[in-house]
Structures are given as C-alpha cells and as structure tokens.
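Structure file query19.csv (CSV, C-alpha atoms) is printed below.
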```csv
chain,number,residue,atom,x,y,z
Q,25,MET,CA,-15.7,0.6,-8.4
Q,26,ARG,CA,-14.8,-0.6,-4.9
Q,27,PRO,CA,-11.8,-2.9,-4.7
Q,28,SER,CA,-12.1,-6.1,-2.7
Q,29,LYS,CA,-10.7,-5.9,0.8
Q,30,MET,CA,-7.1,-7.2,1.1
Q,31,SER,CA,-8.2,-9.1,4.2
Q,32,ASP,CA,-10.3,-11.2,1.9
Q,33,LEU,CA,-7.4,-12.1,-0.3
Q,34,VAL,CA,-4.9,-13.2,2.3
Q,35,ASN,CA,-3.4,-16.7,2.4
Q,36,GLU,CA,-5.1,-19.6,4.1
Q,37,VAL,CA,-3.0,-21.1,6.8
Q,38,CYS,CA,-2.3,-24.5,8.5
Q,39,ASN,CA,-4.1,-27.4,6.7
Q,40,PRO,CA,-6.3,-25.4,4.5
Q,41,TRP,CA,-8.0,-28.4,2.7
Q,42,GLN,CA,-9.3,-29.4,6.1
Q,43,ASP,CA,-10.6,-26.0,7.1
Q,44,THR,CA,-11.7,-24.1,4.0
Q,45,GLN,CA,-15.1,-22.6,3.5
Q,46,THR,CA,-15.5,-23.9,0.0
Q,47,THR,CA,-19.0,-24.6,-1.2
Q,48,LEU,CA,-17.7,-27.9,-2.6
Q,49,THR,CA,-18.5,-31.0,-0.7
Q,50,GLU,CA,-16.4,-33.6,-2.5
Q,51,GLU,CA,-13.0,-34.6,-1.5
Q,52,VAL,CA,-10.2,-32.3,-2.7
Q,53,PRO,CA,-8.2,-34.2,-5.3
Q,54,GLU,CA,-4.7,-35.2,-4.3
Q,55,VAL,CA,-3.1,-33.2,-7.2
Q,56,VAL,CA,-4.6,-30.1,-5.7
Q,57,LYS,CA,-3.4,-30.9,-2.1
Q,58,GLN,CA,0.1,-31.4,-3.5
Q,59,PHE,CA,-0.1,-28.1,-5.3
Q,60,VAL,CA,-1.2,-26.3,-2.1
Q,61,SER,CA,1.6,-27.9,-0.1
Q,62,LYS,CA,4.2,-26.7,-2.6
Q,63,HIS,CA,2.9,-23.1,-2.7
Q,64,PRO,CA,2.8,-22.0,0.9
Q,65,HIS,CA,2.6,-18.3,0.1
Q,66,MET,CA,-0.3,-18.3,-2.3
Q,67,ASN,CA,-4.0,-18.0,-1.6
Q,68,HIS,CA,-4.9,-21.6,-0.7
Q,69,GLY,CA,-8.6,-20.9,-0.6
Q,70,LEU,CA,-8.5,-20.0,-4.3
Q,71,ALA,CA,-6.9,-23.3,-5.2
Q,72,LEU,CA,-9.4,-25.2,-3.1
Q,73,GLY,CA,-12.4,-23.6,-4.8
Q,74,LYS,CA,-13.2,-20.9,-2.3
Q,75,LEU,CA,-15.0,-17.8,-3.5
Q,76,ILE,CA,-13.2,-14.7,-2.3
Q,77,GLY,CA,-14.7,-11.6,-0.7
Q,78,ALA,CA,-17.8,-10.2,-2.5
Q,79,GLU,CA,-17.8,-13.1,-4.9
Q,80,ALA,CA,-20.1,-15.0,-2.6
Q,81,MET,CA,-22.8,-12.3,-3.1
Q,82,TRP,CA,-22.6,-12.6,-6.8
Q,83,ALA,CA,-22.7,-16.4,-6.7
Q,84,LYS,CA,-25.8,-16.2,-4.4
Q,85,ASN,CA,-27.5,-13.9,-6.9
Q,86,GLN,CA,-26.5,-15.9,-10.0
Q,87,PRO,CA,-29.9,-17.6,-10.4
Q,88,TYR,CA,-31.7,-14.3,-10.0
Q,89,LEU,CA,-29.5,-12.6,-12.5
Q,90,LEU,CA,-30.0,-15.5,-14.9
Q,91,SER,CA,-33.8,-15.1,-14.5
Q,92,CYS,CA,-33.3,-11.5,-15.5
Q,93,GLY,CA,-31.5,-12.6,-18.7
Q,94,TYR,CA,-27.8,-12.4,-17.7
Q,95,GLN,CA,-25.4,-15.3,-17.2
Q,96,LEU,CA,-22.3,-15.0,-15.1
Q,97,ARG,CA,-19.1,-16.9,-15.8
Q,98,PRO,CA,-18.8,-20.6,-14.7
Q,99,ARG,CA,-17.0,-19.7,-11.4
Q,100,TYR,CA,-20.2,-18.1,-10.0
Q,101,ARG,CA,-22.7,-20.8,-11.0
Q,102,PRO,CA,-24.2,-23.3,-8.6
Q,103,ASP,CA,-22.7,-26.3,-10.3
Q,104,TRP,CA,-19.2,-24.9,-10.5
Q,105,ARG,CA,-16.3,-27.3,-10.0
Q,106,PRO,CA,-12.8,-25.8,-10.4
Q,107,SER,CA,-11.5,-26.9,-13.8
Q,108,TRP,CA,-8.0,-27.5,-12.4
Q,109,TRP,CA,-9.4,-30.3,-10.2
Q,110,ASN,CA,-9.7,-32.3,-13.3
Q,111,HIS,CA,-6.0,-31.9,-14.1
Q,112,HIS,CA,-4.4,-35.3,-14.7
Q,113,ASP,CA,-1.5,-34.4,-16.9
Q,114,GLY,CA,1.3,-34.6,-14.3
Q,115,PRO,CA,1.6,-32.3,-11.3
Q,116,LEU,CA,-0.4,-29.0,-11.1
Q,117,ILE,CA,2.2,-26.2,-11.6
Q,118,MET,CA,0.1,-23.1,-11.7
Q,119,LEU,CA,-3.5,-21.8,-11.9
Q,120,ARG,CA,-2.8,-19.3,-14.6
Q,121,PRO,CA,-4.0,-21.5,-17.5
Q,122,PHE,CA,-7.4,-21.9,-15.9
Q,123,GLU,CA,-10.0,-19.1,-16.7
Q,124,ASP,CA,-12.2,-20.0,-13.7
Q,125,ALA,CA,-9.3,-19.3,-11.3
Q,126,LEU,CA,-9.7,-15.6,-12.0
Q,127,PHE,CA,-11.3,-13.9,-9.1
Q,128,MET,CA,-13.0,-10.5,-9.2
Q,129,LEU,CA,-10.9,-7.3,-8.4
Q,130,TYR,CA,-13.9,-5.0,-7.7
Q,131,GLU,CA,-16.6,-6.0,-5.3
Q,132,ASP,CA,-19.4,-4.0,-7.0
Q,133,VAL,CA,-18.8,-4.8,-10.7
Q,134,MET,CA,-19.2,-8.1,-12.5
Q,135,ASP,CA,-19.1,-9.1,-16.2
Q,136,ALA,CA,-21.9,-11.2,-17.7
Q,137,VAL,CA,-23.4,-12.3,-21.0
Q,138,ARG,CA,-26.9,-11.3,-22.1
Q,139,VAL,CA,-28.6,-14.5,-22.8
Q,140,SER,CA,-30.9,-13.1,-25.6
Q,141,ASP,CA,-28.1,-12.2,-28.0
Q,142,GLY,CA,-24.8,-13.3,-26.4
Q,143,SER,CA,-23.5,-9.7,-26.0
Q,144,GLN,CA,-21.0,-9.0,-23.2
Q,145,VAL,CA,-22.2,-6.7,-20.5
Q,146,VAL,CA,-21.2,-5.3,-17.1
Q,147,ILE,CA,-23.5,-5.4,-14.0
Q,148,LYS,CA,-22.9,-2.9,-11.3
Q,149,GLN,CA,-24.3,-3.0,-7.8
Q,150,ILE,CA,-25.2,0.5,-6.9
Q,151,ASP,CA,-26.3,2.1,-3.6
Q,152,ASN,CA,-29.6,3.8,-4.2
Q,153,ARG,CA,-28.4,6.9,-2.3
Q,154,ARG,CA,-26.2,7.6,-5.3
Q,155,ALA,CA,-27.6,9.4,-8.3
Q,156,GLU,CA,-26.0,7.1,-10.9
Q,157,VAL,CA,-28.9,4.9,-11.8
Q,158,PRO,CA,-31.5,7.7,-12.4
Q,159,LEU,CA,-28.9,9.9,-14.1
Q,160,VAL,CA,-27.6,7.2,-16.5
Q,161,THR,CA,-31.2,6.1,-17.2
Q,162,TRP,CA,-32.2,9.7,-18.0
Q,163,LEU,CA,-29.2,10.2,-20.3
Q,164,THR,CA,-30.1,6.9,-22.1
Q,165,GLU,CA,-33.6,8.2,-23.1
Q,166,PRO,CA,-34.0,8.4,-26.9
Q,167,ASP,CA,-34.1,12.2,-27.1
Q,168,ARG,CA,-30.7,12.3,-25.5
Q,169,THR,CA,-29.0,9.2,-27.1
Q,170,SER,CA,-30.0,10.6,-30.5
Q,171,ASN,CA,-27.5,13.4,-29.9
Q,172,ALA,CA,-24.1,12.2,-31.1
Q,173,ARG,CA,-22.4,14.4,-28.5
Q,174,ASN,CA,-23.9,12.4,-25.6
Q,175,ARG,CA,-20.9,10.1,-24.7
Q,176,THR,CA,-22.2,8.7,-21.4
Q,177,VAL,CA,-22.5,5.0,-21.2
Q,178,ARG,CA,-26.0,3.6,-21.9
Q,179,ALA,CA,-28.1,1.9,-19.4
Q,180,LEU,CA,-29.3,-1.4,-20.8
Q,181,ASP,CA,-31.3,-2.6,-17.8
Q,182,THR,CA,-31.9,-2.0,-14.1
Q,183,PHE,CA,-33.5,-4.3,-11.5
Q,184,PRO,CA,-33.5,-4.3,-7.7
Q,185,MET,CA,-31.2,-6.5,-5.7
Q,186,PRO,CA,-33.2,-9.2,-4.0
Q,187,GLY,CA,-33.4,-8.9,-0.3
Q,188,ASP,CA,-31.9,-5.4,-0.1
Q,189,GLU,CA,-34.0,-2.5,-1.2
Q,190,SER,CA,-31.1,-0.1,-0.7
Q,191,GLN,CA,-29.2,-1.6,-3.8
Q,192,THR,CA,-29.9,-1.7,-7.5
Q,193,PHE,CA,-28.2,-3.7,-10.3
Q,194,LEU,CA,-27.4,-1.5,-13.3
Q,195,VAL,CA,-26.5,-3.2,-16.6
Q,196,ILE,CA,-24.3,-1.4,-19.1
Q,197,PRO,CA,-22.5,-2.4,-22.3
Q,198,ARG,CA,-19.1,-4.0,-21.9
Q,199,LEU,CA,-16.5,-1.4,-22.9
Q,200,GLN,CA,-12.7,-1.2,-23.1
Q,201,HIS,CA,-10.4,1.4,-21.5
Q,202,PHE,CA,-9.8,3.9,-24.2
Q,203,ALA,CA,-6.0,3.4,-24.1
Q,204,LEU,CA,-6.0,-0.4,-23.8
Q,205,LEU,CA,-4.9,-0.8,-27.5
Q,206,PRO,CA,-2.0,1.3,-28.7
Q,207,PHE,CA,-2.7,4.3,-30.8
Q,208,ARG,CA,-0.9,4.0,-34.1
Q,209,ARG,CA,-2.0,7.2,-35.8
Q,210,LEU,CA,-2.5,10.8,-34.6
Q,211,GLY,CA,-6.0,10.7,-36.0
Q,212,GLU,CA,-7.0,7.9,-33.7
Q,213,PHE,CA,-6.2,9.9,-30.7
Q,214,ALA,CA,-7.8,13.0,-32.2
Q,215,GLU,CA,-11.0,11.1,-32.6
Q,216,ALA,CA,-11.0,10.1,-28.9
Q,217,VAL,CA,-10.2,13.6,-27.8
Q,218,THR,CA,-12.9,15.2,-29.9
Q,219,GLN,CA,-15.6,12.8,-28.6
Q,220,PHE,CA,-14.6,13.2,-24.9
Q,221,ILE,CA,-14.6,17.0,-25.1
Q,222,GLU,CA,-17.9,17.0,-27.0
Q,223,GLY,CA,-19.3,14.6,-24.4
Q,224,LEU,CA,-18.2,16.8,-21.5
Q,225,GLY,CA,-19.8,19.8,-23.2
Q,226,PHE,CA,-23.0,17.9,-23.5
Q,227,LEU,CA,-23.1,17.1,-19.8
Q,228,HIS,CA,-22.2,20.6,-18.8
Q,229,GLU,CA,-24.9,22.1,-21.1
Q,230,HIS,CA,-27.4,19.9,-19.2
Q,231,GLY,CA,-26.2,21.2,-15.8
Q,232,ILE,CA,-24.4,17.9,-14.9
Q,233,ALA,CA,-20.9,17.9,-13.5
Q,234,HIS,CA,-19.3,14.4,-13.6
Q,235,ARG,CA,-16.7,15.1,-10.8
Q,236,ASP,CA,-14.6,12.0,-11.7
Q,237,MET,CA,-13.7,12.7,-15.3
Q,238,CYS,CA,-10.4,10.7,-14.9
Q,239,TYR,CA,-8.2,8.3,-16.8
Q,240,GLY,CA,-9.9,5.2,-15.5
Q,241,ASN,CA,-13.4,6.3,-16.5
Q,242,LEU,CA,-12.6,7.0,-20.2
Q,243,MET,CA,-13.7,4.1,-22.3
Q,244,MET,CA,-14.3,2.9,-25.9
Q,245,ASP,CA,-16.5,0.5,-27.7
Q,246,GLY,CA,-14.1,-2.3,-28.5
Q,247,SER,CA,-16.5,-4.3,-30.7
Q,248,ARG,CA,-14.8,-3.3,-33.9
Q,249,THR,CA,-11.2,-3.1,-32.7
Q,250,ILE,CA,-11.4,-6.4,-30.8
Q,251,PRO,CA,-14.1,-8.3,-32.8
Q,252,ASP,CA,-13.3,-11.6,-31.1
Q,253,GLY,CA,-13.9,-10.0,-27.7
Q,254,ASN,CA,-11.7,-10.2,-24.6
Q,255,HIS,CA,-11.8,-11.2,-21.0
Q,256,PHE,CA,-13.0,-8.7,-18.4
Q,257,PHE,CA,-10.3,-9.4,-15.9
Q,258,ARG,CA,-7.5,-10.2,-18.4
Q,259,PRO,CA,-8.3,-7.8,-21.2
Q,260,HIS,CA,-5.2,-8.7,-23.1
Q,261,THR,CA,-6.6,-12.1,-23.7
Q,262,HIS,CA,-9.6,-13.4,-25.6
Q,263,ASN,CA,-10.6,-16.0,-23.1
Q,264,GLY,CA,-8.7,-15.3,-19.9
Q,265,VAL,CA,-5.8,-17.6,-20.6
Q,266,LEU,CA,-2.4,-16.0,-20.9
Q,267,LEU,CA,0.2,-16.8,-23.6
Q,268,ALA,CA,-2.6,-17.2,-26.2
Q,269,LYS,CA,-2.6,-15.2,-29.5
Q,270,PHE,CA,-4.5,-12.0,-29.3
Q,271,ASN,CA,-6.0,-10.4,-32.5
Q,272,TRP,CA,-7.0,-6.8,-32.8
Q,273,LYS,CA,-7.5,-4.1,-35.4
Q,274,GLU,CA,-6.1,-0.6,-35.6
Q,275,HIS,CA,-8.6,2.1,-34.6
Q,276,TRP,CA,-7.9,3.8,-38.0
Q,277,SER,CA,-8.9,0.7,-40.0
Q,278,VAL,CA,-12.4,0.5,-38.4
Q,279,ARG,CA,-13.1,4.2,-37.7
Q,280,PRO,CA,-15.1,5.7,-36.4
Q,281,VAL,CA,-14.6,4.2,-32.9
Q,282,GLN,CA,-17.1,5.3,-30.3
Q,283,TYR,CA,-15.8,6.6,-26.9
Q,284,TYR,CA,-17.8,6.9,-23.7
Q,285,PHE,CA,-17.6,8.1,-20.0
Q,286,ILE,CA,-18.5,5.7,-17.2
Q,287,ASP,CA,-19.0,5.8,-13.4
Q,288,LEU,CA,-21.4,8.6,-12.7
Q,289,GLY,CA,-21.2,7.9,-8.9
Q,290,LEU,CA,-20.2,11.4,-7.9
Q,291,PRO,CA,-22.2,13.8,-10.2
Q,292,CYS,CA,-23.8,17.0,-9.3
Q,293,TYR,CA,-26.8,18.6,-11.1
Q,294,TYR,CA,-27.0,22.4,-11.2
Q,295,PRO,CA,-30.2,24.0,-12.5
Q,296,GLU,CA,-29.7,27.1,-14.6
Q,297,ASP,CA,-28.4,30.1,-12.6
Q,298,ALA,CA,-27.7,28.0,-9.5
Q,299,PRO,CA,-24.6,28.9,-7.6
Q,300,LEU,CA,-21.7,26.6,-8.6
Q,301,GLU,CA,-19.0,26.9,-5.9
Q,302,THR,CA,-20.8,24.8,-3.3
Q,303,ILE,CA,-18.5,21.7,-3.0
Q,304,THR,CA,-15.3,21.2,-0.9
Q,305,GLY,CA,-12.9,18.4,-0.4
Q,306,LEU,CA,-11.1,15.7,-2.5
Q,307,ASN,CA,-13.3,13.6,-4.8
Q,308,GLY,CA,-12.5,11.3,-7.7
Q,309,GLN,CA,-9.4,9.5,-8.8
Q,310,ASP,CA,-7.4,12.6,-9.7
Q,311,ARG,CA,-6.2,14.2,-6.5
Q,312,THR,CA,-3.9,16.8,-8.3
Q,313,VAL,CA,-6.6,19.3,-9.1
Q,314,PRO,CA,-5.3,22.5,-7.4
Q,315,GLU,CA,-8.6,23.7,-6.0
Q,316,LEU,CA,-9.4,20.3,-4.4
Q,317,LEU,CA,-6.3,20.7,-2.3
Q,318,ARG,CA,-7.7,23.8,-0.6
Q,319,ASP,CA,-10.6,23.7,1.9
Q,320,VAL,CA,-12.6,26.2,-0.1
Q,321,PRO,CA,-15.7,25.7,-2.3
Q,322,TYR,CA,-14.9,25.1,-6.0
Q,323,ASP,CA,-16.6,25.0,-9.4
Q,324,PRO,CA,-17.1,21.3,-10.3
Q,325,PHE,CA,-17.4,22.1,-14.0
Q,326,LYS,CA,-13.9,23.6,-14.0
Q,327,VAL,CA,-12.7,20.4,-12.1
Q,328,ASP,CA,-14.1,18.2,-14.9
Q,329,ILE,CA,-12.1,20.2,-17.5
Q,330,TYR,CA,-8.9,19.8,-15.5
Q,331,GLN,CA,-9.4,16.1,-14.9
Q,332,LEU,CA,-10.1,15.3,-18.5
Q,333,GLY,CA,-7.2,17.4,-19.6
Q,334,ASN,CA,-4.9,15.6,-17.1
Q,335,ALA,CA,-6.1,12.2,-18.3
Q,336,LEU,CA,-5.4,13.0,-21.9
Q,337,LEU,CA,-2.0,14.4,-20.9
Q,338,GLN,CA,-1.1,11.1,-19.4
Q,339,VAL,CA,-1.5,9.4,-22.8
Q,340,ILE,CA,0.3,12.2,-24.6
Q,341,ASN,CA,3.3,11.8,-22.4
Q,342,GLU,CA,3.5,8.1,-23.2
Q,343,TYR,CA,3.8,8.6,-27.0
Q,344,ASP,CA,6.1,10.1,-29.5
Q,345,GLY,CA,4.0,12.1,-32.0
Q,346,LEU,CA,1.2,13.6,-29.9
Q,347,LYS,CA,2.9,16.9,-28.9
Q,348,ALA,CA,0.4,18.7,-31.1
Q,349,PHE,CA,-2.2,18.2,-28.3
Q,350,LEU,CA,0.0,19.8,-25.6
Q,351,PRO,CA,-1.4,23.3,-26.0
Q,352,LEU,CA,-4.9,22.0,-25.6
Q,353,VAL,CA,-4.3,20.0,-22.4
Q,354,GLN,CA,-2.1,22.7,-20.9
Q,355,ALA,CA,-5.0,25.1,-21.3
Q,356,MET,CA,-7.4,22.6,-19.8
Q,357,THR,CA,-5.2,22.0,-16.8
Q,358,ASN,CA,-4.4,25.7,-16.1
Q,359,PRO,CA,-3.8,26.0,-12.3
Q,360,ASN,CA,-6.2,28.9,-12.3
Q,361,PRO,CA,-9.7,27.5,-12.8
Q,362,MET,CA,-11.0,30.7,-14.3
Q,363,ASP,CA,-8.4,30.5,-17.1
Q,364,ARG,CA,-9.3,26.9,-18.1
Q,365,LEU,CA,-11.0,26.4,-21.4
Q,366,SER,CA,-14.7,25.6,-21.7
Q,367,PRO,CA,-15.4,22.4,-23.7
Q,368,ALA,CA,-16.5,24.6,-26.7
Q,369,ALA,CA,-13.4,26.7,-26.5
Q,370,ALA,CA,-11.2,23.6,-26.3
Q,371,LEU,CA,-12.7,22.2,-29.5
Q,372,ASN,CA,-11.9,25.5,-31.2
Q,373,LEU,CA,-8.3,25.4,-30.0
Q,374,PHE,CA,-7.6,21.9,-31.1
Q,375,GLY,CA,-7.5,21.2,-34.8
Q,376,PRO,CA,-8.6,20.9,-37.5
Q,377,PHE,CA,-5.8,18.7,-38.7
Q,378,ASP,CA,-5.3,18.0,-42.4
Q,379,ASP,CA,-5.7,14.4,-43.7
Q,380,GLN,CA,-2.0,13.8,-43.9
Q,381,THR,CA,-1.4,14.8,-40.3
Q,382,LEU,CA,-4.3,12.7,-39.1
Q,383,ALA,CA,-2.8,9.7,-40.9
Q,384,GLY,CA,0.6,10.2,-39.4
Q,385,TYR,CA,2.0,7.5,-37.2
Q,386,VAL,CA,2.6,7.7,-33.5
Q,387,ARG,CA,4.2,5.2,-31.2
Q,388,LEU,CA,4.6,4.4,-27.5
Q,389,LYS,CA,7.8,5.4,-26.0
Q,390,LYS,CA,8.0,2.2,-24.0
Q,391,PRO,CA,6.4,-1.2,-24.8
Q,392,SER,CA,3.2,-1.5,-22.8
Q,393,LEU,CA,2.3,-4.4,-20.6
Q,394,PHE,CA,-0.1,-5.4,-23.4
Q,395,ASP,CA,2.9,-5.5,-25.8
Q,396,ARG,CA,5.1,-7.5,-23.4
Q,397,LEU,CA,2.5,-10.1,-22.7
Q,398,ASN,CA,1.8,-10.5,-26.4
Q,399,ASN,CA,5.1,-10.8,-28.3
Q,400,ASP,CA,3.3,-11.0,-31.6
Q,401,PHE,CA,1.0,-8.0,-30.6
Q,402,GLN,CA,0.4,-6.8,-34.1
Q,403,PRO,CA,-2.9,-5.5,-35.6
Q,404,LYS,CA,-4.8,-7.6,-38.0
Q,405,GLY,CA,-6.9,-6.4,-40.9
Q,406,HIS,CA,-5.4,-3.0,-41.4
```

Let me see the structure of the file written as structure tokens.
Amino acid sequence: MRPSKMSDLVNEVCNPWQDTQTTLTEEVPEVVKQFVSKHPHMNHGLALGKLIGAEAMWAKNQPYLLSCGYQLRPRYRPDWRPSWWNHHDGPLIMLRPFEDALFMLYEDVMDAVRVSDGSQVVIKQIDNRRAEVPLVTWLTEPDRTSNARNRTVRALDTFPMPGDESQTFLVIPRLQHFALLPFRRLGEFAEAVTQFIEGLGFLHEHGIAHRDMCYGNLMMDGSRTIPDGNHFFRPHTHNGVLLAKFNWKEHWSVRPVQYYFIDLGLPCYYPEDAPLETITGLNGQDRTVPELLRDVPYDPFKVDIYQLGNALLQVINEYDGLKAFLPLVQAMTNPNPMDRLSPAAALNLFGPFDDQTLAGYVRLKKPSLFDRLNNDFQPKGH
C-alpha cells in the first residue's frame, strides 16, 4: 500500500475558505469559518470539504465502482456535503466525531461495501506490471481454495480502471490485522501460527515466494470476532467515531478463526529445479533480514521464513505467556539462511500442545492503543 504524499496533507494557508479547491459550490458556513480561524495549524482543506491527495481519483471513479456493484463511503460520493457543516449545537470544536472527516491513509487502497449483500470489501488499485492480480486470481481458483492450507486472500472481483489500461481494480474481502484484538489464550496464537506456517508451505510448494511475509501483511477474518464490523481507517471503532463502545469476542470463543496473507505485490515464481538465488537488494517491510543487507543473490524462500518468524516474534515479545513459541521463531530467524527451518519442519517443531496448555491465559505486557482508547475494552460473548 502506498501512503499518501505528505505534501498533499499540509495545511492550507492565508484565507483558505476563499482559495480552497473544494468541489462544493455553496458558501462555507460561518461555524466552519470560525473553526478554521481558531485552528491555524490544522489541515484547513479538510475542514472545508477538500479531498486530499489520491482521494480525488477515488471520488472520480465512484460512479464507475458503483456500476460494478461497490459503494464507497459518503465522503467519496458526488452528493457529499461535510456532515460538520450542519453543526448547529454551539461552536465546532473538533472534526473527530464526524466519520466523513476521515481521509484515506493509502492512495491505492479503499474500503467499500458490496451492494449485492452488504459485505465489507477492500478495493486495490494495482499496476498491471505487477503480478498480484493474476497470482491472487490463480490462487482463488476452486481447486486451490479447496485446500485448507491455502491462506492467501481471495480475489472477489477484478475490473479495469477506466481511462487507464495500465491499472486494474482488485476486490478482496475486508480483513483485520491478525494482532488487532488481544490474544487471551495460548491456543489463539497457536491457531494463527499454524495457519500462517501452513500457508507459507502451500505457497512454497507451488513455487511462489511471497517476498513480503511481514507483520503488516498478516491478517484474519474478523467476521466472527467483531460481528458488528469496524471502520477501515479507525479499526478500534464500529462506525469511525471515537469514544463509542466497542464490542468484540475472544478468538477462543468463536474458533476456528481464519488467517490470511495479503499484498502479493513482490512475489516471484520459480518452476521446479529453477535456480533460486537470483534476487538482490532490499525488498518488503522487514529490512532486518541478514542476506538482504548484503549485495549478493539470496534465496527468497528462506527470506519468507525469516520474515514470518520475525513477525511472530514481535507478537511474542509483547505478551506474557508466549515463550513456548520462542524456539520456533528463533529457528525461523536463524542468521544463516541454510539453517532456517522449512515450513514443514517448523510445524513439526512447534507443538502439539495439550488442551490445558492451549486454554492457558496470556496477556499483553503493556496496554495496547486499542485498550487505551476503549476503557471498557472487554470481550463479549465468551
């Protein structure tokens, strides 16, 4: 995912309500003008209804996406009028209570609702020079999705970007980061680890190296843990408004939870018996992989193993009660690529745990941002 340019997020200056590139033609309400005057350091364009950075592209394509069966949030629709412009209950203090004030953080990723059934999805704008669309589509074919070890996100739909033959829109299910909700029991984390390692083995058996098997690309299906859904850009809320009650369920109470990989923007395919050590240079989110720091060809399958192990290690270090997984991730992140475990060997090293151990409680060493923003952050229905 490409973050929006900071230059697109800078503050407006001078008299911004006289010189803003907002698509709105009506007079800016006085309450908004007063708000802008009292907040000289904020993004004035945001308060004045200006779309930021790549948002204009998504708003332009909203009618087309709707014709394809996907509805964007109100902010990106042609008839959008900022909801805070209707504020009449005293002075406007902040924009935080208004969902449509949330602007996108990544220029190539947008959340949407599938009109046919109301399900939450994500739409990615993808350069056709990348292998992501054909690869995800291939992995979504029935003979591969029928294999429970295939943990790659499914392709729900693809269609060309109008006016630009070099780009494609890929629709995938809306997923949650796998560590968004706190793990409460050892078995919850064990379930995630098992599925991720099995999924990595499935890719490798088909000659596919992910090359970005990192913390930010490990996801879960949150439909059972967060049955009321949550907001794409404020995942600790149901509707994008802070300070509202958030309900969720322990992974353990709704098991099994399904875990997936996303972002196949850097993969390599190697036919059987093809030479592996053909890639050099830094790639992906995890820049600590030892062989990536040297300007020599490396085996991308060994890099995948290191990156996944390092991502799991990050979670282990944040909890009391997950030390049982340390031998596994230490073997996966061995500095010598040749000494790293294969996915099959990793599964043999880890577990099996008995039922009592799996049900044992674990806890975060420090309250997460999720906890701090939700003082009554307690699971329901367990």

Fill in: Which of Q:Glu165, Q:Glu123, Q:Met185, Q:Phe377 sits closest to His262 of chain Q [using all atoms listed in the file]
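Distance minimum relative to His262 of chain Q lands on Q:Glu123.
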
Discussion item. With only C-alpha atoms as the counted atoms, please give the residues lying no more than 12 Å from segment 235-240 of chain Q, apart from itself and same-chain residues fewer than 2 positions off, as a ChimeraX atom specification.
Written reply: /Q:25,176,199-204,220-221,223-224,227-228,232-233,242-244,284-293,303-313,316,322-339

Fill in: Best match for closeness to Lys74 of chain Q among Q:Leu90, Q:Arg101, Q:Pro106, Q:Leu180, counting only C-alpha atoms
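The answer is Q:Pro106, which sits nearest to Lys74 of chain Q.
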
Between segment 231-311 of chain Q and segment 378-389 of chain Q, at 12 Å or less, what are the per-residue closest atom pairs and their distances in Å? Count only C-alpha atoms, order by chain and rising residue number, and return it as a Markdown table.
```
| residue | atom | partner | partner_atom | distance |
| --- | --- | --- | --- | --- |
| Q:Glu274 | CA | Q:Tyr385 | CA | 11.6 |
| Q:His275 | CA | Q:Ala383 | CA | 11.4 |
| Q:Trp276 | CA | Q:Ala383 | CA | 8.3 |
| Q:Ser277 | CA | Q:Ala383 | CA | 10.9 |
```

Worksheet entry | Residue with smallest distance to Asp344 of chain Q - pool Q:Arg318, Q:Tyr294, Q:Gly264, Q:Leu210, counting all atoms listed in the file |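 Comparing Q:Arg318, Q:Tyr294, Q:Gly264, Q:Leu210 against Asp344 of chain Q, the winner is Q:Leu210.
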
Discussion item. I'd like the neighbourhood of Arg178 of chain Q as a list in words, where a residue qualifies if any of its atoms comes within 7 Å (using only C-alpha atoms), though same-chain residues fewer than 5 positions away should be ignored.
Written reply: Val160, Thr164, Ile196 and Pro197 of chain Q

Fill in: Å distance separating atom CA of Gly77 of chain Q from atom CA of Asp181 of chain Q, one decimal place
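These atoms are spaced 25.5 Å apart.
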